[in-house]
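So this block is protein02.txt, compact mmCIF, C-alpha atoms (C1' of nucleotides):
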# COMPACT_ATOMS: atom_id res chain seq x y z
CA MET F 1491 25.74 -24.77 -4.56
CA LYS F 1492 25.80 -25.26 -8.32
CA GLU F 1493 22.09 -25.36 -8.74
CA THR F 1494 20.86 -24.34 -12.14
CA VAL F 1495 17.43 -22.95 -12.62
CA GLY F 1496 14.93 -22.61 -15.46
CA ALA F 1497 14.59 -19.46 -17.48
CA ALA F 1498 11.41 -18.38 -15.75
CA SER F 1499 12.78 -18.81 -12.28
CA GLY F 1500 15.97 -17.11 -13.35
CA LEU F 1501 14.01 -14.13 -14.52
CA VAL F 1502 12.28 -13.90 -11.19
CA ARG F 1503 15.52 -13.99 -9.26
CA LEU F 1504 17.15 -11.48 -11.50
CA THR F 1505 14.17 -9.22 -11.06
CA PHE F 1506 14.49 -9.53 -7.32
CA LEU F 1507 18.14 -8.57 -7.51
CA VAL F 1508 17.57 -5.59 -9.72
CA GLN F 1509 14.64 -4.44 -7.64
CA ASN F 1510 16.73 -4.43 -4.51
CA LEU F 1511 19.49 -2.59 -6.24
CA TYR F 1512 16.98 -0.10 -7.48
CA ALA F 1513 15.62 0.48 -4.01
CA GLU F 1514 19.06 0.72 -2.51
CA VAL F 1515 20.32 3.24 -4.99
CA GLY F 1516 17.09 5.13 -4.57
CA ARG F 1517 17.60 5.39 -0.85
CA GLY F 1518 21.03 6.81 -1.44
CA CYS F 1519 19.39 9.61 -3.41
CA ASP F 1520 16.47 9.98 -1.03
CA LEU F 1521 14.09 8.62 -3.63
CA THR F 1522 11.57 5.83 -3.33
CA ALA F 1523 11.40 3.27 -6.08
CA ALA F 1524 8.14 4.70 -7.35
CA GLN F 1525 9.55 8.21 -7.42
CA ALA F 1526 12.68 7.13 -9.24
CA GLN F 1527 10.61 5.31 -11.78
CA MET F 1528 8.55 8.39 -12.36
CA LEU F 1529 11.54 10.66 -12.72
CA CYS F 1530 12.99 8.30 -15.32
CA THR F 1531 9.80 8.45 -17.28
CA LEU F 1532 9.77 12.24 -17.18
CA ALA F 1533 13.33 12.63 -18.42
CA GLY F 1534 13.44 15.47 -20.89
CA ARG F 1535 9.75 15.99 -21.47
CA SER F 1536 6.44 16.97 -19.99
CA VAL F 1537 3.83 14.29 -19.64
CA GLY F 1538 0.16 14.52 -18.79
CA MET F 1539 -1.23 12.64 -15.84
CA ALA F 1540 -3.23 10.24 -17.97
CA GLU F 1541 -0.34 9.33 -20.18
CA LEU F 1542 1.99 9.06 -17.24
CA SER F 1543 -0.30 6.71 -15.42
CA GLY F 1544 -0.30 4.55 -18.52
CA LEU F 1545 3.46 4.56 -18.77
CA LEU F 1546 3.90 3.65 -15.14
CA CYS F 1547 1.05 1.15 -15.13
CA LEU F 1548 -0.69 2.96 -12.30
CA GLU F 1549 -4.23 4.06 -11.67
CA ARG F 1550 -4.71 7.76 -11.95
CA SER F 1551 -5.71 8.04 -8.37
CA SER F 1552 -2.43 6.46 -7.37
CA LEU F 1553 -0.50 8.83 -9.54
CA THR F 1554 -2.07 11.90 -7.98
CA GLY F 1555 -0.51 11.06 -4.65
CA LEU F 1556 2.81 10.16 -6.15
CA VAL F 1557 3.03 13.46 -7.96
CA ASP F 1558 1.86 15.30 -4.86
CA ARG F 1559 4.67 13.94 -2.79
CA ALA F 1560 7.25 14.47 -5.49
CA GLN F 1561 6.05 18.02 -5.90
CA GLN F 1562 6.31 18.69 -2.19
CA ARG F 1563 9.88 17.54 -2.39
CA GLY F 1564 10.49 19.92 -5.23
CA LEU F 1565 11.29 17.23 -7.77
CA VAL F 1566 8.47 17.97 -10.10
CA VAL F 1567 5.90 20.62 -11.01
CA ARG F 1568 2.42 20.57 -12.42
CA GLU F 1569 1.86 22.91 -15.32
CA ASN F 1570 -1.29 23.88 -17.11
CA ASP F 1571 -1.83 22.77 -20.62
CA PRO F 1572 -2.82 25.87 -22.62
CA HIS F 1573 -4.86 23.79 -25.04
CA ASP F 1574 -6.90 21.91 -22.47
CA ARG F 1575 -7.79 23.44 -19.20
CA ARG F 1576 -8.53 20.09 -17.65
CA ALA F 1577 -5.14 18.71 -18.36
CA VAL F 1578 -2.04 18.94 -16.24
CA LYS F 1579 1.48 18.38 -17.41
CA VAL F 1580 4.11 17.05 -15.09
CA THR F 1581 7.67 18.27 -15.56
CA LEU F 1582 10.95 17.77 -13.80
CA THR F 1583 12.32 20.69 -11.87
CA PRO F 1584 16.06 21.34 -12.06
CA GLU F 1585 16.20 19.63 -8.67
CA GLY F 1586 14.35 16.66 -10.00
CA SER F 1587 16.55 16.49 -13.02
CA LYS F 1588 19.61 16.52 -10.85
CA ALA F 1589 18.24 13.78 -8.64
CA LEU F 1590 17.40 11.74 -11.69
CA HIS F 1591 20.88 11.98 -13.04
CA ARG F 1592 22.43 11.07 -9.77
CA PHE F 1593 20.16 8.11 -9.51
CA ASN F 1594 20.68 7.03 -13.05
CA ASP F 1595 24.45 7.24 -12.95
CA GLU F 1596 24.66 5.31 -9.76
CA LEU F 1597 22.21 2.68 -10.90
CA THR F 1598 23.91 2.21 -14.23
CA GLU F 1599 27.21 1.80 -12.53
CA ARG F 1600 25.86 -0.80 -10.15
CA LEU F 1601 24.09 -2.69 -12.90
CA ASP F 1602 27.12 -2.70 -15.12
CA LYS F 1603 29.07 -4.09 -12.26
CA LEU F 1604 26.55 -6.88 -12.09
CA LEU F 1605 27.47 -7.84 -15.63
CA ALA F 1606 31.11 -7.01 -15.39
CA ASP F 1607 32.27 -10.56 -14.94
CA LEU F 1608 30.68 -11.74 -18.15
CA PRO F 1609 32.91 -12.13 -21.17
CA ALA F 1610 32.22 -9.36 -23.65
CA THR F 1611 30.62 -11.60 -26.23
CA GLU F 1612 28.27 -13.11 -23.76
CA ARG F 1613 27.35 -9.74 -22.38
CA ASP F 1614 26.59 -8.40 -25.82
CA ARG F 1615 24.48 -11.35 -26.68
CA PHE F 1616 22.67 -10.99 -23.40
CA ALA F 1617 21.94 -7.35 -24.04
CA LYS F 1618 20.70 -8.16 -27.48
CA THR F 1619 18.31 -10.79 -26.23
CA LEU F 1620 17.19 -8.42 -23.54
CA ASN F 1621 16.33 -5.86 -26.13
CA ARG F 1622 14.42 -8.34 -28.11
CA VAL F 1623 12.35 -9.55 -25.19
CA ILE F 1624 11.56 -6.01 -24.20
CA ALA F 1625 10.65 -5.00 -27.70
CA ASP F 1626 8.42 -8.00 -28.19
CA SER F 1627 6.49 -7.59 -25.05
CA SER F 1628 6.28 -3.87 -24.78
CA ALA F 1629 4.48 -4.16 -28.05
CA VAL F 1630 1.63 -4.25 -25.58
CA PHE F 1631 2.22 -0.60 -24.97
CA ALA F 1632 2.90 0.14 -28.57
CA ASP F 1633 1.32 3.23 -29.97
CA MET D 1420 10.65 2.39 -33.00
CA LYS D 1421 13.83 0.34 -33.37
CA GLU D 1422 15.60 1.91 -30.48
CA THR D 1423 18.23 -0.24 -28.87
CA VAL D 1424 19.20 0.22 -25.30
CA GLY D 1425 22.23 -0.52 -23.15
CA ALA D 1426 22.42 -3.59 -20.97
CA ALA D 1427 21.77 -1.66 -17.78
CA SER D 1428 18.72 0.07 -19.10
CA GLY D 1429 17.53 -3.18 -20.59
CA LEU D 1430 17.76 -4.82 -17.22
CA VAL D 1431 15.67 -2.09 -15.69
CA ARG D 1432 12.97 -2.41 -18.28
CA LEU D 1433 12.91 -6.14 -18.05
CA THR D 1434 12.59 -5.86 -14.31
CA PHE D 1435 9.67 -3.53 -14.73
CA LEU D 1436 7.98 -6.00 -17.03
CA VAL D 1437 8.50 -8.96 -14.77
CA GLN D 1438 7.43 -7.00 -11.74
CA ASN D 1439 4.15 -6.10 -13.36
CA LEU D 1440 3.58 -9.66 -14.43
CA TYR D 1441 4.33 -10.75 -10.92
CA ALA D 1442 1.82 -8.36 -9.47
CA GLU D 1443 -0.79 -9.25 -12.02
CA VAL D 1444 -0.51 -12.97 -11.49
CA GLY D 1445 -0.51 -12.34 -7.78
CA ARG D 1446 -3.77 -10.47 -7.99
CA GLY D 1447 -5.28 -13.38 -9.83
CA CYS D 1448 -4.44 -15.58 -6.84
CA ASP D 1449 -5.39 -12.95 -4.29
CA LEU D 1450 -1.77 -12.55 -3.25
CA THR D 1451 0.26 -9.39 -2.97
CA ALA D 1452 3.73 -9.36 -4.43
CA ALA D 1453 5.28 -9.47 -0.99
CA GLN D 1454 3.15 -12.40 0.04
CA ALA D 1455 3.91 -14.33 -3.11
CA GLN D 1456 7.59 -13.73 -2.60
CA MET D 1457 7.36 -15.04 0.91
CA LEU D 1458 5.42 -18.14 -0.07
CA CYS D 1459 8.04 -18.93 -2.69
CA THR D 1460 10.74 -18.67 -0.09
CA LEU D 1461 8.88 -20.98 2.25
CA ALA D 1462 8.33 -23.70 -0.32
CA GLY D 1463 8.89 -27.05 1.31
CA ARG D 1464 10.51 -25.96 4.54
CA SER D 1465 10.15 -24.07 7.77
CA VAL D 1466 12.12 -20.91 8.18
CA GLY D 1467 12.73 -18.77 11.23
CA MET D 1468 11.85 -15.09 11.19
CA ALA D 1469 15.43 -13.93 11.28
CA GLU D 1470 16.51 -16.11 8.41
CA LEU D 1471 13.40 -15.27 6.46
CA SER D 1472 13.96 -11.58 6.83
CA GLY D 1473 17.44 -12.12 5.47
CA LEU D 1474 16.19 -14.09 2.50
CA LEU D 1475 13.57 -11.52 1.65
CA CYS D 1476 15.84 -8.56 2.34
CA LEU D 1477 13.41 -7.13 4.85
CA GLU D 1478 13.76 -5.75 8.34
CA ARG D 1479 12.42 -8.04 10.99
CA SER D 1480 9.82 -5.55 12.00
CA SER D 1481 8.51 -5.49 8.46
CA LEU D 1482 8.33 -9.22 8.35
CA THR D 1483 6.24 -9.45 11.49
CA GLY D 1484 3.38 -7.67 9.78
CA LEU D 1485 3.75 -9.61 6.58
CA VAL D 1486 3.55 -12.90 8.43
CA ASP D 1487 0.65 -11.61 10.51
CA ARG D 1488 -1.41 -10.84 7.47
CA ALA D 1489 -0.49 -14.08 5.74
CA GLN D 1490 -1.40 -15.99 8.85
CA GLN D 1491 -4.76 -14.29 9.09
CA ARG D 1492 -5.42 -15.40 5.56
CA GLY D 1493 -4.50 -18.93 6.50
CA LEU D 1494 -1.52 -19.17 4.20
CA VAL D 1495 1.05 -19.69 6.87
CA VAL D 1496 1.47 -20.67 10.52
CA ARG D 1497 3.94 -19.81 13.22
CA GLU D 1498 5.37 -22.78 15.08
CA ASN D 1499 7.53 -22.95 18.14
CA ASP D 1500 11.06 -24.10 17.84
CA PRO D 1501 11.57 -26.77 20.49
CA HIS D 1502 15.25 -25.94 20.79
CA ASP D 1503 14.88 -22.22 21.27
CA ARG D 1504 11.93 -20.73 23.00
CA ARG D 1505 12.54 -17.33 21.50
CA ALA D 1506 12.44 -18.58 17.96
CA VAL D 1507 9.47 -18.95 15.69
CA LYS D 1508 9.32 -21.01 12.56
CA VAL D 1509 7.09 -20.03 9.71
CA THR D 1510 5.55 -22.79 7.63
CA LEU D 1511 3.14 -22.99 4.75
CA THR D 1512 -0.31 -24.33 5.47
CA PRO D 1513 -1.88 -26.64 2.90
CA GLU D 1514 -3.81 -23.55 1.78
CA GLY D 1515 -0.63 -21.62 1.39
CA SER D 1516 1.00 -24.39 -0.46
CA LYS D 1517 -1.89 -24.58 -2.85
CA ALA D 1518 -1.83 -20.85 -3.43
CA LEU D 1519 1.88 -21.00 -4.04
CA HIS D 1520 1.51 -23.66 -6.66
CA ARG D 1521 -1.24 -21.85 -8.42
CA PHE D 1522 0.82 -18.71 -8.43
CA ASN D 1523 3.94 -20.46 -9.54
CA ASP D 1524 2.33 -22.32 -12.38
CA GLU D 1525 0.64 -19.26 -13.71
CA LEU D 1526 3.73 -17.11 -13.39
CA THR D 1527 5.95 -19.66 -15.05
CA GLU D 1528 3.54 -19.96 -17.90
CA ARG D 1529 3.41 -16.22 -18.40
CA LEU D 1530 7.15 -15.87 -18.20
CA ASP D 1531 7.77 -18.68 -20.62
CA LYS D 1532 5.41 -16.98 -22.98
CA LEU D 1533 7.58 -13.92 -22.70
CA LEU D 1534 10.49 -15.91 -24.05
CA ALA D 1535 8.52 -18.05 -26.42
CA ASP D 1536 9.45 -16.07 -29.51
CA LEU D 1537 13.14 -16.55 -28.99
CA PRO D 1538 14.87 -19.24 -31.01
CA ALA D 1539 15.76 -22.16 -28.79
CA THR D 1540 19.49 -21.59 -28.92
CA GLU D 1541 19.15 -17.97 -27.96
CA ARG D 1542 16.78 -18.80 -25.16
CA ASP D 1543 19.14 -21.38 -23.75
CA ARG D 1544 22.05 -19.04 -23.90
CA PHE D 1545 19.96 -16.39 -22.23
CA ALA D 1546 19.00 -18.74 -19.43
CA LYS D 1547 22.59 -19.73 -18.98
CA THR D 1548 23.77 -16.16 -18.68
CA LEU D 1549 20.92 -15.46 -16.33
CA ASN D 1550 22.08 -18.25 -14.07
CA ARG D 1551 25.57 -16.97 -14.12
CA VAL D 1552 24.63 -13.44 -13.20
CA ILE D 1553 22.44 -14.67 -10.40
CA ALA D 1554 25.09 -17.01 -9.09
CA ASP D 1555 27.76 -14.32 -9.17
CA SER D 1556 25.80 -11.75 -7.36
CA SER D 1557 23.89 -13.82 -4.91
CA ALA D 1558 27.31 -14.77 -3.71
CA VAL D 1559 26.52 -11.83 -1.52
CA PHE D 1560 24.03 -13.99 0.29
CA ALA D 1561 26.24 -17.02 0.17
CA ASP D 1562 26.46 -19.06 3.29
C1' DC U 1255 -27.52 22.85 -26.20
C1' DA U 1256 -27.66 18.28 -23.78
C1' DA U 1257 -25.28 14.11 -23.11
C1' DA U 1258 -21.36 11.47 -23.10
C1' DT U 1259 -16.49 11.50 -22.52
C1' DT U 1260 -12.13 12.82 -20.65
C1' DA U 1261 -8.78 14.66 -17.13
C1' DC U 1262 -7.81 14.87 -12.71
C1' DT U 1263 -8.76 14.90 -7.61
C1' DT U 1264 -10.63 13.35 -3.11
C1' DC U 1265 -11.57 9.95 0.19
C1' DG U 1266 -11.39 5.66 2.54
C1' DT U 1267 -9.05 1.27 2.93
C1' DG U 1268 -5.37 -1.92 3.24
C1' DC U 1269 -0.78 -3.17 2.57
C1' DC U 1270 4.30 -2.45 2.93
C1' DA U 1271 8.61 -0.99 4.99
C1' DC U 1272 11.43 1.37 8.15
C1' DG U 1273 13.65 2.49 12.78
C1' DA U 1274 13.45 2.87 17.78
C1' DA U 1275 12.30 0.73 21.90
C1' DC U 1276 11.15 -3.43 24.40
C1' DA U 1277 10.56 -8.31 26.55
C1' DA U 1278 12.04 -12.93 26.58
C1' DT U 1279 15.50 -16.18 26.06
C1' DC U 1280 20.00 -17.96 25.31
C1' DA U 1281 25.20 -18.44 25.57
C1' DC U 1282 29.11 -17.80 27.93
C1' DA U 1283 32.38 -16.38 31.09
C1' DA U 1284 33.79 -15.07 35.71
C1' DT O 1264 25.65 -19.74 39.48
C1' DT O 1265 25.03 -15.35 38.23
C1' DG O 1266 25.84 -11.62 35.46
C1' DT O 1267 26.49 -9.66 30.90
C1' DG O 1268 25.87 -9.28 26.25
C1' DA O 1269 23.85 -11.03 22.10
C1' DT O 1270 19.88 -12.82 19.61
C1' DT O 1271 14.83 -13.49 18.59
C1' DG O 1272 10.81 -11.63 17.73
C1' DT O 1273 7.18 -7.98 18.68
C1' DT O 1274 5.00 -3.35 19.22
C1' DC O 1275 4.42 1.32 17.94
C1' DG O 1276 4.58 5.38 15.22
C1' DT O 1277 5.45 7.33 10.70
C1' DG O 1278 5.38 7.73 5.83
C1' DG O 1279 4.66 5.94 1.39
C1' DC O 1280 2.18 3.15 -2.22
C1' DA O 1281 -1.85 1.50 -4.71
C1' DC O 1282 -6.56 0.59 -5.42
C1' DG O 1283 -11.60 1.68 -6.45
C1' DA O 1284 -15.68 4.53 -5.97
C1' DA O 1285 -17.37 8.96 -6.25
C1' DG O 1286 -17.05 13.71 -7.52
C1' DT O 1287 -15.82 18.24 -10.28
C1' DA O 1288 -14.56 20.75 -14.20
C1' DA O 1289 -13.77 21.14 -19.04
C1' DT O 1290 -14.20 19.28 -23.70
C1' DT O 1291 -16.31 16.81 -27.38
C1' DT O 1292 -20.07 14.95 -29.81
C1' DG O 1293 -24.61 14.26 -31.53

As structure tokens, the full file:
Amino acid sequence: MKETVGAASGLVRLTFLVQNLYAEVGRGCDLTAAQAQMLCTLAGRSVGMAELSGLLCLERSSLTGLVDRAQQRGLVVRENDPHDRRAVKVTLTPEGSKALHRFNDELTERLDKLLADLPATERDRFAKTLNRVIADSSAVFAD
Amino acid sequence: MKETVGAASGLVRLTFLVQNLYAEVGRGCDLTAAQAQMLCTLAGRSVGMAELSGLLCLERSSLTGLVDRAQQRGLVVRENDPHDRRAVKVTLTPEGSKALHRFNDELTERLDKLLADLPATERDRFAKTLNRVIADSSAVFAD
DNA sequence: CAAATTACTTCGTGCCACGAACAATCACAA
DNA sequence: TTGTGATTGTTCGTGGCACGAAGTAATTTG
């Protein structure tokens, strides 16, 4: 059971792991993965639907429903943009903010535990590489 | 835009990236993420529903539908287990196998591209750490 | 001001995942 | 051998997610 695996395949497996963790923690907070993702993106700011759909890599029509459901659960509100009467800004409610923090704390804890067995140097190096990969490739999103 | 991020948060972002890649490549092969995941798991062997649901971290009832749809698309077949008349074994069809390879090749290529800018040493170290994290935590699944 | 663009929503479709309830089969023990 | 209890897989109902096409309202542009 000492099978080693290429970088690509490793990435896929890691993704699978993290995804499951994400979902599991979400369930503990009564959040779906999509909702949690959205809350994270909204942390501390209001975001218009168009921008939000870009950030989440979703079609606008998909986002409408997502926001609807989150709003019904009281996690989020739609507000009017005074400068543009077409536009809508999505904002966390205090409820939503609380849920987000609960989720985030729990998730961070679980993820850190995932890396806990690594020697400090290795973990640091890993984090650094992680950052680099992210930075490189989210250059796609760069403004 | 030089913001650095903790390991946990980095993991989440990386996961998001890979997930999107996964979905995108899947769409190119006319596969959903769930289907692709299943095909990968079936590579080269027959697996019973119960075991498969374990491997994919799905409820059995969820799997039934997934297999149904995959079967309708000719990716997969259900076969009877001669030793247990309750059991069903799921197997790739030649079609499914072909789809899997197409998917896998494309995905691997895209993922490697993601890491292409890393110096070789860093990439190797990254892969090694990846393997370790996976091994540690999929000890959960260990048989 | 008319036309093109932008922001968002609605609608219809298909997929995904869950849990509860169920039928068939198997394993084992009395 | 005949229960009894576990295991295998399915069905059904519910809710959520995501897409694309089409539509409405407001803004921008020529």

Contact residues (chain D, partner chain F, 10 Å, all atoms listed in the file) as a PyMOL selection string: chain D and resi 1420-1439+1441+1456+1475-1476+1523+1526-1537+1541-1557+1561-1562

Point-to-point distance in Å for atom CA of Leu1542 of chain F and atom CA of Val1580 of chain F: 8.5 Å

Find the spatial neighbours of segment 1488-1500 of chain D, counting all atoms listed in the file, within a cut-off of 8 Å - ignore same-chain residues fewer than 5 positions away - and output them as a PDB file with C-alpha atoms, in the frame of the given file.
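In the end it all went to result-v1.pdb:
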ATOM      1  CA  GLN D1454       3.150 -12.400   0.040  1.00  0.00           C
ATOM      2  CA  ARG D1505      12.540 -17.330  21.500  1.00  0.00           C
ATOM      3  CA  ALA D1506      12.440 -18.580  17.960  1.00  0.00           C
ATOM      4  CA  VAL D1507       9.470 -18.950  15.690  1.00  0.00           C
ATOM      5  CA  LYS D1508       9.320 -21.010  12.560  1.00  0.00           C
ATOM      6  CA  VAL D1509       7.090 -20.030   9.710  1.00  0.00           C
ATOM      7  CA  THR D1510       5.550 -22.790   7.630  1.00  0.00           C
ATOM      8  CA  LEU D1511       3.140 -22.990   4.750  1.00  0.00           C
ATOM      9  CA  THR D1512      -0.310 -24.330   5.470  1.00  0.00           C
ATOM     10  CA  PRO D1513      -1.880 -26.640   2.900  1.00  0.00           C
ATOM     11  CA  GLU D1514      -3.810 -23.550   1.780  1.00  0.00           C
ATOM     12  CA  GLY D1515      -0.630 -21.620   1.390  1.00  0.00           C
ATOM     13  CA  SER D1516       1.000 -24.390  -0.460  1.00  0.00           C
ATOM     14  CA  ALA D1518      -1.830 -20.850  -3.430  1.00  0.00           C
TER      15      ALA D1518
END

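Residues in contact with DT1274 of chain O at 9 Å, where all atoms listed in the file are counted and same-chain residues fewer than 2 positions away are skipped, are listed as Ser1480 of chain D; DA1275 and DC1276 of chain U.
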
Top pick for closest residue to chain O, considering D:Val1486, D:Ala1455, D:Met1468, D:Leu1440 and counting only C-alpha atoms (C1' of nucleotides):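 Counting only C-alpha atoms (C1' of nucleotides), the residue closest to chain O is D:Met1468.
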
Pairwise distance for atom CA of Arg1446 of chain D and atom C1' of DT1267 of chain U, rounded to one decimal in Å: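 Distance between the two atoms: 16.9 Å.
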
Exercise answer, chain O residues close to chain F, 7 Å and only C-alpha atoms (C1' of nucleotides), as a VMD selection string: chain O and resid 1281 1288 to 1289

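Interatomic distance, atom CA of Glu1541 of chain F against atom C1' of DA1261 of chain U: 10.4 Å.
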
Close residues, DA1257 of chain U itself excluded, 12 Å, all atoms listed in the file, min 6 positions apart in chain, as a list in words: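 Residues meeting the cut-off are DT1291, DT1292 and DG1293 of chain O.
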
Chain F contacts on chain U, only C-alpha atoms (C1' of nucleotides), 12 Å, as a PyMOL selection string: chain U and resi 1260-1265+1271-1272
